[in-house]
file protein_3.csv (CSV, C-alpha atoms)
chain,number,residue,atom,x,y,z
A,1,MET,CA,157.2,-132.0,145.6
A,2,LYS,CA,154.1,-131.5,147.7
A,3,ILE,CA,150.5,-131.0,146.7
A,4,GLN,CA,148.2,-129.1,149.1
A,5,ILE,CA,144.4,-129.3,149.0
A,6,LYS,CA,143.0,-126.1,150.3
A,7,ASN,CA,139.6,-124.9,151.3
A,8,LYS,CA,138.2,-122.9,148.3
A,9,LYS,CA,137.1,-120.0,150.6
A,10,THR,CA,139.4,-119.8,153.5
A,11,GLY,CA,142.6,-121.1,151.8
A,12,LYS,CA,143.2,-123.4,154.8
A,13,ILE,CA,145.1,-126.5,154.0
A,14,ILE,CA,142.9,-129.6,154.2
A,15,LYS,CA,145.4,-132.3,153.1
A,16,GLU,CA,149.0,-132.5,151.8
A,17,PHE,CA,150.3,-135.1,149.4
A,18,GLU,CA,153.8,-136.0,148.2
A,19,GLY,CA,154.1,-136.1,144.4
A,20,SER,CA,153.2,-134.1,141.3
A,21,ASP,CA,149.6,-135.1,140.9
A,22,LEU,CA,146.8,-137.0,142.6
A,23,SER,CA,146.1,-139.6,139.9
A,24,GLY,CA,145.7,-143.0,141.5
A,25,ALA,CA,145.7,-141.4,145.0
A,26,ASP,CA,143.9,-143.1,147.9
A,27,LEU,CA,141.5,-140.5,149.4
A,28,SER,CA,138.7,-142.9,150.3
A,29,GLY,CA,136.6,-141.6,153.2
A,30,ALA,CA,138.4,-138.2,153.3
A,31,ASP,CA,136.6,-135.0,154.2
A,32,LEU,CA,137.4,-132.7,151.3
A,33,SER,CA,134.3,-130.6,151.5
A,34,GLU,CA,134.6,-127.1,150.0
A,35,ALA,CA,138.1,-128.1,148.6
A,36,ASN,CA,139.6,-126.3,145.7
A,37,LEU,CA,140.5,-129.0,143.2
A,38,SER,CA,139.8,-127.2,139.9
A,39,GLU,CA,141.7,-128.7,137.0
A,40,ALA,CA,143.3,-131.3,139.4
A,41,ASN,CA,144.3,-134.7,138.0
A,42,LEU,CA,142.4,-137.3,140.1
A,43,SER,CA,142.2,-139.9,137.4
A,44,VAL,CA,141.9,-143.5,138.7
A,45,ALA,CA,142.0,-142.1,142.2
A,46,ASP,CA,140.2,-144.0,145.0
A,47,LEU,CA,137.5,-141.6,146.3
A,48,PHE,CA,135.1,-144.1,147.8
A,49,GLU,CA,132.8,-142.4,150.3
A,50,VAL,CA,134.8,-139.2,150.0
A,51,ASP,CA,133.1,-135.9,151.1
A,52,LEU,CA,133.5,-133.4,148.2
A,53,SER,CA,130.3,-131.5,148.9
A,54,GLY,CA,130.5,-128.0,147.7
A,55,ALA,CA,134.0,-128.6,146.2
A,56,ASP,CA,135.4,-126.8,143.2
A,57,LEU,CA,136.2,-129.6,140.6
A,58,PHE,CA,135.8,-127.4,137.5
A,59,GLU,CA,137.6,-129.1,134.6
A,60,ALA,CA,139.1,-131.7,137.0
A,61,ASN,CA,140.2,-135.1,135.6
A,62,LEU,CA,138.2,-137.8,137.4
A,63,SER,CA,138.3,-140.4,134.6
A,64,GLU,CA,138.1,-144.0,135.8
A,65,ALA,CA,138.0,-142.7,139.5
A,66,ASN,CA,136.1,-144.6,142.1
A,67,LEU,CA,133.5,-142.2,143.4
A,68,SER,CA,131.0,-144.7,144.6
A,69,ARG,CA,129.0,-143.5,147.5
A,70,ALA,CA,130.9,-140.2,147.4
A,71,ASN,CA,129.1,-137.0,148.5
A,72,LEU,CA,129.4,-134.4,145.7
A,73,SER,CA,126.3,-132.4,146.5
A,74,GLY,CA,126.5,-128.8,145.4
A,75,ALA,CA,130.0,-129.4,143.9
A,76,ASP,CA,131.1,-127.6,140.7
A,77,LEU,CA,132.0,-130.4,138.2
A,78,SER,CA,131.4,-128.3,135.1
A,79,ARG,CA,133.5,-129.6,132.2
A,80,ALA,CA,135.1,-132.2,134.4
A,81,ASP,CA,136.2,-135.5,132.9
A,82,LEU,CA,134.3,-138.3,134.6
A,83,SER,CA,134.5,-140.8,131.7
A,84,GLY,CA,134.4,-144.3,133.0
A,85,ALA,CA,134.1,-143.2,136.6
A,86,ASP,CA,132.2,-145.3,139.1
A,87,LEU,CA,129.6,-143.1,140.8
A,88,PHE,CA,127.4,-145.9,142.1
A,89,GLU,CA,125.1,-144.5,144.9
A,90,ALA,CA,127.0,-141.1,144.8
A,91,ASN,CA,125.2,-138.0,145.9
A,92,LEU,CA,125.3,-135.4,143.1
A,93,SER,CA,122.2,-133.5,144.1
A,94,GLU,CA,122.3,-129.8,143.0
A,95,ALA,CA,125.8,-130.3,141.6
A,96,ASN,CA,126.9,-128.5,138.4
A,97,LEU,CA,127.9,-131.1,135.8
A,98,SER,CA,127.2,-128.9,132.8
A,99,GLY,CA,129.4,-129.9,129.8
A,100,ALA,CA,131.0,-132.7,131.9
A,101,ASP,CA,132.1,-135.9,130.2
A,102,LEU,CA,130.3,-138.8,131.9
A,103,SER,CA,130.6,-141.2,129.0
A,104,GLU,CA,130.5,-144.9,130.1
A,105,ALA,CA,130.3,-143.7,133.7
A,106,ASN,CA,128.4,-145.9,136.3
A,107,LEU,CA,125.7,-143.7,137.8
A,108,SER,CA,123.3,-146.5,138.9
A,109,GLU,CA,121.3,-145.5,142.0
A,110,ALA,CA,123.1,-142.1,142.1
A,111,ASN,CA,121.2,-139.1,143.5
A,112,LEU,CA,121.1,-136.5,140.6
A,113,SER,CA,118.1,-134.6,141.8
A,114,VAL,CA,118.1,-130.9,140.6
A,115,THR,CA,121.5,-131.6,139.1
A,116,ASP,CA,122.7,-129.5,136.2
A,117,LEU,CA,123.6,-131.9,133.4
A,118,SER,CA,123.0,-129.6,130.5
A,119,GLY,CA,125.2,-130.4,127.6
A,120,ALA,CA,126.8,-133.2,129.4
A,121,ASP,CA,128.0,-136.3,127.6
A,122,LEU,CA,126.3,-139.3,129.1
A,123,SER,CA,126.7,-141.6,126.1
A,124,GLY,CA,126.9,-145.2,127.2
A,125,ALA,CA,126.5,-144.3,130.8
A,126,ASN,CA,124.6,-146.5,133.3
A,127,LEU,CA,121.8,-144.5,135.0
A,128,PHE,CA,119.9,-147.6,136.2
A,129,GLU,CA,117.4,-146.5,139.0
A,130,ALA,CA,119.2,-143.1,139.4
A,131,ASN,CA,117.2,-140.2,140.8
A,132,LEU,CA,117.0,-137.6,138.1
A,133,SER,CA,114.0,-135.7,139.5
A,134,GLY,CA,114.2,-132.0,138.5
A,135,ALA,CA,117.5,-132.6,136.7
A,136,ASP,CA,118.4,-130.4,133.7
A,137,LEU,CA,119.5,-132.7,130.9
A,138,SER,CA,118.8,-130.3,128.1
A,139,GLU,CA,121.2,-130.7,125.1
A,140,ALA,CA,122.8,-133.7,126.9
A,141,ASN,CA,124.0,-136.7,124.9
A,142,LEU,CA,122.1,-139.7,126.1
A,143,SER,CA,122.9,-142.0,123.2
A,144,VAL,CA,122.8,-145.7,124.4
A,145,THR,CA,122.3,-144.6,128.0
A,146,ASP,CA,120.5,-147.0,130.3
A,147,LEU,CA,117.7,-145.0,132.0
A,148,SER,CA,115.7,-148.0,133.1
A,149,GLY,CA,114.1,-147.5,136.4
A,150,ALA,CA,115.4,-143.9,136.7
A,151,ASP,CA,113.1,-141.2,138.2
A,152,LEU,CA,112.5,-138.5,135.5
A,153,PHE,CA,109.9,-136.5,137.4
A,154,LYS,CA,110.2,-132.9,136.4
A,155,ALA,CA,113.4,-133.6,134.5
A,156,ASN,CA,114.2,-131.5,131.4
A,157,LEU,CA,115.2,-133.5,128.4
A,158,SER,CA,114.6,-130.9,125.7
A,159,GLU,CA,117.1,-131.1,122.8
A,160,ALA,CA,118.8,-134.2,124.4
A,161,ASN,CA,120.0,-136.9,122.1
A,162,LEU,CA,118.0,-140.0,123.1
A,163,SER,CA,119.0,-142.4,120.3
A,164,GLY,CA,119.4,-145.9,121.8
A,165,VAL,CA,118.3,-144.8,125.3
A,166,LYS,CA,116.9,-147.7,127.3
A,167,ILE,CA,113.8,-147.2,129.4
A,168,ARG,CA,111.0,-149.4,130.8
A,169,ILE,CA,107.4,-149.3,129.5
A,170,ASN,CA,106.2,-147.6,132.7
A,171,GLN,CA,108.6,-144.7,132.1
A,172,LYS,CA,107.2,-143.6,128.8
A,173,GLU,CA,104.8,-141.0,130.2
A,174,GLN,CA,107.5,-139.4,132.3
A,175,LEU,CA,109.9,-139.3,129.3
A,176,ILE,CA,107.2,-137.7,127.1
A,177,GLN,CA,106.6,-135.1,129.8
A,178,SER,CA,110.3,-134.4,130.2
A,179,LEU,CA,110.4,-133.4,126.5
A,180,HIS,CA,107.7,-130.8,127.2
A,181,ILE,CA,105.5,-132.0,124.3
A,182,GLN,CA,101.9,-130.8,124.3
A,183,ILE,CA,99.5,-133.7,123.7
A,184,GLU,CA,96.0,-133.0,122.5
A,185,ASP,CA,93.1,-135.4,122.6
A,186,ASP,CA,92.2,-136.8,119.2
B,1,MET,CA,107.5,-120.8,80.3
B,2,LYS,CA,108.3,-119.0,83.5
B,3,ILE,CA,107.6,-119.6,87.1
B,4,GLN,CA,107.3,-116.6,89.4
B,5,ILE,CA,107.6,-116.9,93.2
B,6,LYS,CA,105.6,-114.1,94.7
B,7,ASN,CA,105.3,-112.6,98.2
B,8,LYS,CA,102.2,-114.1,99.8
B,9,LYS,CA,101.0,-110.7,101.1
B,10,THR,CA,102.2,-108.1,98.6
B,11,GLY,CA,102.2,-110.2,95.4
B,12,LYS,CA,105.6,-108.8,94.6
B,13,ILE,CA,107.8,-111.2,92.5
B,14,ILE,CA,110.7,-112.6,94.6
B,15,LYS,CA,112.2,-115.0,92.1
B,16,GLU,CA,111.6,-116.1,88.5
B,17,PHE,CA,112.4,-119.5,87.0
B,18,GLU,CA,112.4,-120.9,83.5
B,19,GLY,CA,110.5,-124.2,83.2
B,20,SER,CA,107.3,-125.7,84.2
B,21,ASP,CA,108.1,-126.8,87.8
B,22,LEU,CA,110.6,-126.3,90.5
B,23,SER,CA,111.5,-130.0,91.1
B,24,ARG,CA,115.2,-130.5,91.6
B,25,ALA,CA,115.7,-126.7,91.4
B,26,ASP,CA,118.8,-125.3,93.2
B,27,LEU,CA,117.4,-122.8,95.7
B,28,SER,CA,120.1,-123.3,98.3
B,29,GLY,CA,120.5,-120.2,100.4
B,30,ALA,CA,117.7,-118.4,98.5
B,31,ASP,CA,115.8,-115.6,100.2
B,32,LEU,CA,112.2,-116.8,100.0
B,33,PHE,CA,110.9,-114.9,103.1
B,34,GLU,CA,107.1,-114.8,103.0
B,35,ALA,CA,107.0,-116.5,99.6
B,36,ASP,CA,103.9,-118.2,98.3
B,37,LEU,CA,104.9,-121.7,97.3
B,38,SER,CA,101.6,-123.4,98.2
B,39,GLY,CA,101.1,-126.6,96.2
B,40,ALA,CA,104.4,-126.1,94.4
B,41,ASP,CA,106.4,-129.1,93.1
B,42,LEU,CA,109.7,-128.8,94.9
B,43,SER,CA,110.5,-132.5,95.0
B,44,GLY,CA,114.2,-133.1,95.2
B,45,ALA,CA,114.9,-129.4,95.3
B,46,ASP,CA,117.9,-128.0,97.1
B,47,LEU,CA,116.6,-125.6,99.7
B,48,SER,CA,119.5,-126.0,102.1
B,49,GLY,CA,120.1,-122.9,104.2
B,50,ALA,CA,117.2,-121.1,102.4
B,51,ASP,CA,115.2,-118.4,104.2
B,52,LEU,CA,111.6,-119.7,104.1
B,53,SER,CA,110.5,-118.0,107.2
B,54,GLU,CA,106.7,-117.2,107.1
B,55,ALA,CA,106.5,-118.9,103.7
B,56,ASN,CA,103.4,-120.6,102.6
B,57,LEU,CA,104.3,-124.2,101.6
B,58,SER,CA,100.9,-125.7,102.4
B,59,GLY,CA,100.3,-128.8,100.3
B,60,ALA,CA,103.7,-128.4,98.6
B,61,ASN,CA,105.5,-131.5,97.2
B,62,LEU,CA,108.9,-131.5,99.1
B,63,LEU,CA,109.6,-135.2,98.6
B,64,VAL,CA,113.3,-135.9,99.3
B,65,ALA,CA,114.0,-132.2,99.2
B,66,ASN,CA,117.1,-130.9,101.0
B,67,LEU,CA,116.0,-128.4,103.6
B,68,SER,CA,118.9,-128.9,105.9
B,69,ARG,CA,119.6,-125.8,108.1
B,70,ALA,CA,116.8,-124.0,106.3
B,71,ASN,CA,115.0,-121.2,108.2
B,72,LEU,CA,111.3,-122.3,108.3
B,73,PHE,CA,110.3,-120.1,111.2
B,74,GLU,CA,106.5,-119.8,111.3
B,75,ALA,CA,106.3,-121.4,107.8
B,76,ASN,CA,103.0,-123.0,106.8
B,77,LEU,CA,103.8,-126.7,105.8
B,78,SER,CA,100.4,-128.0,106.6
B,79,GLY,CA,99.6,-131.0,104.4
B,80,ALA,CA,103.0,-130.8,102.6
B,81,ASP,CA,104.7,-134.0,101.4
B,82,LEU,CA,108.1,-134.0,103.2
B,83,SER,CA,108.6,-137.7,103.0
B,84,GLY,CA,112.3,-138.5,102.9
B,85,ALA,CA,113.2,-134.8,103.1
B,86,ASP,CA,116.4,-133.7,104.8
B,87,LEU,CA,115.5,-131.2,107.6
B,88,LEU,CA,118.7,-131.7,109.6
B,89,GLY,CA,119.2,-128.7,111.9
B,90,ALA,CA,116.3,-126.8,110.3
B,91,ASP,CA,114.6,-124.0,112.2
B,92,LEU,CA,110.9,-125.0,112.4
B,93,PHE,CA,110.1,-122.7,115.3
B,94,GLU,CA,106.3,-122.2,115.5
B,95,ALA,CA,106.0,-123.9,112.0
B,96,ASP,CA,102.7,-125.5,111.0
B,97,LEU,CA,103.3,-129.1,110.1
B,98,SER,CA,99.8,-130.3,110.8
B,99,GLY,CA,98.8,-133.2,108.5
B,100,ALA,CA,102.3,-133.1,106.8
B,101,ASP,CA,103.9,-136.3,105.6
B,102,LEU,CA,107.2,-136.6,107.4
B,103,SER,CA,107.7,-140.3,106.9
B,104,GLY,CA,111.4,-141.1,106.7
B,105,ALA,CA,112.3,-137.4,107.0
B,106,ASP,CA,115.5,-136.5,108.9
B,107,LEU,CA,114.6,-133.9,111.5
B,108,SER,CA,117.6,-134.6,113.8
B,109,GLU,CA,118.8,-131.6,115.7
B,110,ALA,CA,115.9,-129.5,114.2
B,111,SER,CA,114.3,-126.9,116.3
B,112,LEU,CA,110.6,-127.6,116.6
B,113,PHE,CA,109.8,-125.3,119.5
B,114,GLU,CA,106.0,-124.7,119.5
B,115,ALA,CA,105.6,-126.4,116.1
B,116,ASP,CA,102.3,-128.0,115.3
B,117,LEU,CA,102.8,-131.7,114.4
B,118,SER,CA,99.2,-132.7,115.0
B,119,GLY,CA,98.1,-135.4,112.5
B,120,ALA,CA,101.6,-135.5,110.8
B,121,ASN,CA,102.9,-138.8,109.7
B,122,LEU,CA,106.1,-139.5,111.7
B,123,PHE,CA,106.7,-143.1,110.5
B,124,GLU,CA,110.4,-143.8,110.4
B,125,ALA,CA,111.2,-140.1,110.9
B,126,ASP,CA,114.3,-139.2,112.8
B,127,LEU,CA,113.9,-136.7,115.6
B,128,SER,CA,117.0,-137.5,117.6
B,129,GLY,CA,118.4,-134.4,119.3
B,130,ALA,CA,115.5,-132.2,118.1
B,131,ASP,CA,114.1,-129.5,120.3
B,132,LEU,CA,110.5,-130.7,120.9
B,133,SER,CA,109.5,-128.2,123.6
B,134,GLU,CA,105.9,-127.2,123.3
B,135,VAL,CA,105.5,-129.2,120.1
B,136,LYS,CA,101.8,-130.1,119.6
B,137,ILE,CA,100.9,-133.7,118.8
B,138,ARG,CA,97.7,-135.9,119.1
B,139,ILE,CA,97.5,-138.7,121.6
B,140,ASN,CA,97.5,-141.3,118.8
B,141,GLN,CA,100.9,-140.0,117.6
B,142,LYS,CA,102.8,-140.7,120.9
B,143,GLU,CA,104.0,-144.2,119.8
B,144,GLN,CA,105.4,-142.9,116.5
B,145,LEU,CA,107.1,-140.0,118.3
B,146,ILE,CA,108.7,-142.3,120.8
B,147,GLN,CA,109.9,-144.4,117.9
B,148,SER,CA,111.3,-141.4,116.0
B,149,LEU,CA,113.5,-140.7,119.0
B,150,HIS,CA,115.0,-144.2,118.7
B,151,ILE,CA,114.4,-145.1,122.4
B,152,GLN,CA,114.6,-148.7,123.4
B,153,ILE,CA,111.6,-149.7,125.5
B,154,LYS,CA,111.9,-152.8,127.6
B,155,ASN,CA,109.0,-154.6,129.3
B,156,ASP,CA,108.8,-154.0,133.0
call {"tool": "encode", "arguments": {"input": "protein_3.csv", "output": "structure tokens"}}
result
Amino acid sequence: MKIQIKNKKTGKIIKEFEGSDLSGADLSGADLSEANLSEANLSVADLFEVDLSGADLFEANLSEANLSRANLSGADLSRADLSGADLFEANLSEANLSGADLSEANLSEANLSVTDLSGADLSGANLFEANLSGADLSEANLSVTDLSGADLFKANLSEANLSGVKIRINQKEQLIQSLHIQIEDD
Amino acid sequence: MKIQIKNKKTGKIIKEFEGSDLSRADLSGADLFEADLSGADLSGADLSGADLSEANLSGANLLVANLSRANLFEANLSGADLSGADLLGADLFEADLSGADLSGADLSEASLFEADLSGANLFEADLSGADLSEVKIRINQKEQLIQSLHIQIKND
């Protein structure tokens, strides 16, 4: 049995694989930009430095996958399973991660600028020094998430669950601002 | 003795109760829209799921009352005692909570959009998962608010 990865627009075959799914596959460094991988099983796959920019990964299973330094800018990862995935230094700018499962994922130093993380599960995730500027984290679950050193400039955290979130003292003002609270002088 | 709950504008009787106070009364799911309950003793009362939109509850005693999922849209709760009250998932959109005592109250998942919390006591309140957009607080309440979100703050 063969699996074909096709361009989501042109239908052109980008890559072919033997087997029934892509779990545990080695795709490190591959150019899979604009690929159609919606609902694909890529759990535990090696996707180190892969180019998945603009790819369709809707409801894909990427649990425990190695996506460190991957390019996922503009990708559709809505409702994808990224639990326990390694996204160290990954580029997720302007990606759609609404409703995605990112629990226990490593997102340290990842680029999440203007990323849609609304309603995403980030419980226990590591966002150490991640760029979350302009990111939409409304209604996200951030319980026990490490946000220390993360850039929250113009991020939206309204209705997010922040219990147990870790931040540094110098991030308090940005965090308060991201909750859109109006503060009056005494 | 009878207690009458009246409409704050028309004076029309909404509900009647036997007794001298409303403490521990079962008012779950009650329609108390625009009711005048200012200064009432509702301590320990069950108001879960009640419609208290635009009600006047200023100065009311709501100590450990159950207001979970209650509709408190534009309600006046200024100066009310809500310590230990259950406000889980309550709709407090544009509510006036200025000077209210919310110490130990559970406001998790409540909607506080445009609510006025200036001068309210938030000591040990739980605001995790609440919608705080456009909520009004004073500068000296920032620390309590941060604490009520259960955020862990590390030194630089």
call {"tool": "closest_atom_pairs", "arguments": {"input": "protein_3.csv", "of": "chain A", "to": "chain B", "cutoff": "8 Å", "atoms": "only C-alpha atoms", "output": "tab-separated table"}}
result
residue	atom	partner	partner_atom	distance
A:Glu139	CA	B:Gly129	CA	7.4
A:Ser158	CA	B:Asp131	CA	5.6
A:Glu159	CA	B:Asp131	CA	4.2
A:Ala160	CA	B:Gly129	CA	5.1
A:Asn161	CA	B:Gly129	CA	4.1
A:Leu162	CA	B:Ser128	CA	6.1
A:Ser163	CA	B:His150	CA	4.7
A:Gly164	CA	B:Ile151	CA	5.1
A:Val165	CA	B:Ile151	CA	4.9
A:Lys166	CA	B:Gln152	CA	4.6
A:Ile167	CA	B:Ile153	CA	5.1
A:Arg168	CA	B:Lys154	CA	4.8
A:Ile169	CA	B:Asn155	CA	5.5
A:Asn170	CA	B:Asp156	CA	6.9
A:Ile176	CA	B:Ile146	CA	7.9
A:Leu179	CA	B:Ser133	CA	6.0
A:His180	CA	B:Ser133	CA	4.8
A:Ile181	CA	B:Glu134	CA	4.9
A:Gln182	CA	B:Lys136	CA	4.8
A:Ile183	CA	B:Ile137	CA	5.1
A:Glu184	CA	B:Arg138	CA	4.8
A:Asp185	CA	B:Ile139	CA	5.6
A:Asp186	CA	B:Arg138	CA	5.6
call {"tool": "atom_distance", "arguments": {"input": "protein_3.csv", "atom1": "atom CA of Leu47 of chain B", "atom2": "atom CA of Phe33 of chain B"}}
result
12.6 Å
call {"tool": "atom_distance", "arguments": {"input": "protein_3.csv", "atom1": "atom CA of Ala155 of chain A", "atom2": "atom CA of Leu112 of chain A"}}
result
10.2 Å
call {"tool": "residues_around", "arguments": {"input": "protein_3.csv", "residues": "segment 62-73 of chain B", "least_positions_apart": "5", "cutoff": "6 Å", "atoms": "only C-alpha atoms", "output": "short mmCIF file (atom, residue, chain, number, x, y, z; two decimals) with C-alpha atoms, keeping the file's coordinate frame"}}
result
data_model
loop_
_atom_site.label_atom_id
_atom_site.label_comp_id
_atom_site.auth_asym_id
_atom_site.auth_seq_id
_atom_site.Cartn_x
_atom_site.Cartn_y
_atom_site.Cartn_z
CA LEU B 42 109.70 -128.80 94.90
CA SER B 43 110.50 -132.50 95.00
CA GLY B 44 114.20 -133.10 95.20
CA ALA B 45 114.90 -129.40 95.30
CA ASP B 46 117.90 -128.00 97.10
CA LEU B 47 116.60 -125.60 99.70
CA SER B 48 119.50 -126.00 102.10
CA GLY B 49 120.10 -122.90 104.20
CA ALA B 50 117.20 -121.10 102.40
CA ASP B 51 115.20 -118.40 104.20
CA LEU B 52 111.60 -119.70 104.10
CA SER B 53 110.50 -118.00 107.20
CA ASP B 81 104.70 -134.00 101.40
CA LEU B 82 108.10 -134.00 103.20
CA SER B 83 108.60 -137.70 103.00
CA GLY B 84 112.30 -138.50 102.90
CA ALA B 85 113.20 -134.80 103.10
CA ASP B 86 116.40 -133.70 104.80
CA LEU B 87 115.50 -131.20 107.60
CA LEU B 88 118.70 -131.70 109.60
CA GLY B 89 119.20 -128.70 111.90
CA ALA B 90 116.30 -126.80 110.30
CA ASP B 91 114.60 -124.00 112.20
CA LEU B 92 110.90 -125.00 112.40
CA PHE B 93 110.10 -122.70 115.30
CA ALA B 95 106.00 -123.90 112.00
#
call {"tool": "atom_distance", "arguments": {"input": "protein_3.csv", "atom1": "atom CA of Leu52 of chain A", "atom2": "atom CA of Asp26 of chain A"}}
result
14.2 Å
call {"tool": "residues_around", "arguments": {"input": "protein_3.csv", "residues": "Ser68 of chain A", "least_positions_apart": "2", "cutoff": "8 Å", "atoms": "only C-alpha atoms", "output": "list in words"}}
result
Leu47, Phe48, Glu49, Asn66, Ala70, Asp86, Leu87, Phe88, Glu89 and Ala90 of chain A
call {"tool": "closest_residue", "arguments": {"input": "protein_3.csv", "among": "A:Ala125, A:Ala80, A:Ala100, A:Val50", "to": "Leu62 of chain A", "atoms": "all atoms listed in the file"}}
result
A:Ala80
call {"tool": "closest_residue", "arguments": {"input": "protein_3.csv", "among": "B:Asp96, B:Glu124, B:Asp101, B:Asp36", "to": "Leu77 of chain B", "atoms": "all atoms listed in the file"}}
result
B:Asp96
call {"tool": "residues_near_point", "arguments": {"input": "protein_3.csv", "point": "(101.0, -119.9, 94.4)", "cutoff": "10 Å", "atoms": "all atoms listed in the file", "output": "PyMOL selection string"}}
result
chain B and resi 3-8+11+35-40+56-58+60
call {"tool": "residues_around", "arguments": {"input": "protein_3.csv", "residues": "Glu18 of chain A", "least_positions_apart": "4", "cutoff": "7 Å", "atoms": "all atoms listed in the file", "output": "list in words"}}
result
Met1, Lys2 and Ile3 of chain A
call {"tool": "residues_near_point", "arguments": {"input": "protein_3.csv", "point": "(120.4, -139.1, 135.7)", "cutoff": "12 Å", "atoms": "all atoms listed in the file", "output": "count of residues only"}}
result
59
call {"tool": "residues_around", "arguments": {"input": "protein_3.csv", "residues": "Asp81 of chain A", "least_positions_apart": "2", "cutoff": "7 Å", "atoms": "all atoms listed in the file", "output": "CSV table (one decimal) with C-alpha atoms, keeping the file's coordinate frame"}}
result
chain,number,residue,atom,x,y,z
A,59,GLU,CA,137.6,-129.1,134.6
A,60,ALA,CA,139.1,-131.7,137.0
A,61,ASN,CA,140.2,-135.1,135.6
A,62,LEU,CA,138.2,-137.8,137.4
A,63,SER,CA,138.3,-140.4,134.6
A,79,ARG,CA,133.5,-129.6,132.2
A,83,SER,CA,134.5,-140.8,131.7
A,100,ALA,CA,131.0,-132.7,131.9
A,101,ASP,CA,132.1,-135.9,130.2
A,102,LEU,CA,130.3,-138.8,131.9
call {"tool": "closest_residue", "arguments": {"input": "protein_3.csv", "among": "A:Leu175, A:Ala30, A:Val144, A:Ala35", "to": "Gly54 of chain A", "atoms": "only C-alpha atoms"}}
result
A:Ala35
call {"tool": "decode", "arguments": {"input": "protein_3.csv", "residues": "segment 45-60 of chain A", "atoms": "C-alpha atoms", "output": "PDB file, in the first residue's frame"}}
result
ATOM      1  CA  ALA A  45       7.089  11.180  13.136  1.00  0.00           C
ATOM      2  CA  ASP A  46      10.457  12.884  12.717  1.00  0.00           C
ATOM      3  CA  LEU A  47       9.594  16.252  11.163  1.00  0.00           C
ATOM      4  CA  PHE A  48      12.729  18.125  12.238  1.00  0.00           C
ATOM      5  CA  GLU A  49      13.200  21.263  10.077  1.00  0.00           C
ATOM      6  CA  VAL A  50      10.337  20.179   7.779  1.00  0.00           C
ATOM      7  CA  ASP A  51       8.676  22.833   5.618  1.00  0.00           C
ATOM      8  CA  LEU A  52       4.907  22.555   6.214  1.00  0.00           C
ATOM      9  CA  SER A  53       4.165  26.225   5.563  1.00  0.00           C
ATOM     10  CA  GLY A  54       0.598  26.716   4.379  1.00  0.00           C
ATOM     11  CA  ALA A  55      -0.108  22.981   4.785  1.00  0.00           C
ATOM     12  CA  ASP A  56      -3.539  21.583   5.634  1.00  0.00           C
ATOM     13  CA  LEU A  57      -3.108  19.647   8.901  1.00  0.00           C
ATOM     14  CA  PHE A  58      -6.720  19.948  10.107  1.00  0.00           C
ATOM     15  CA  GLU A  59      -7.359  17.272  12.778  1.00  0.00           C
ATOM     16  CA  ALA A  60      -3.965  15.664  12.014  1.00  0.00           C
TER      17      ALA A  60
END
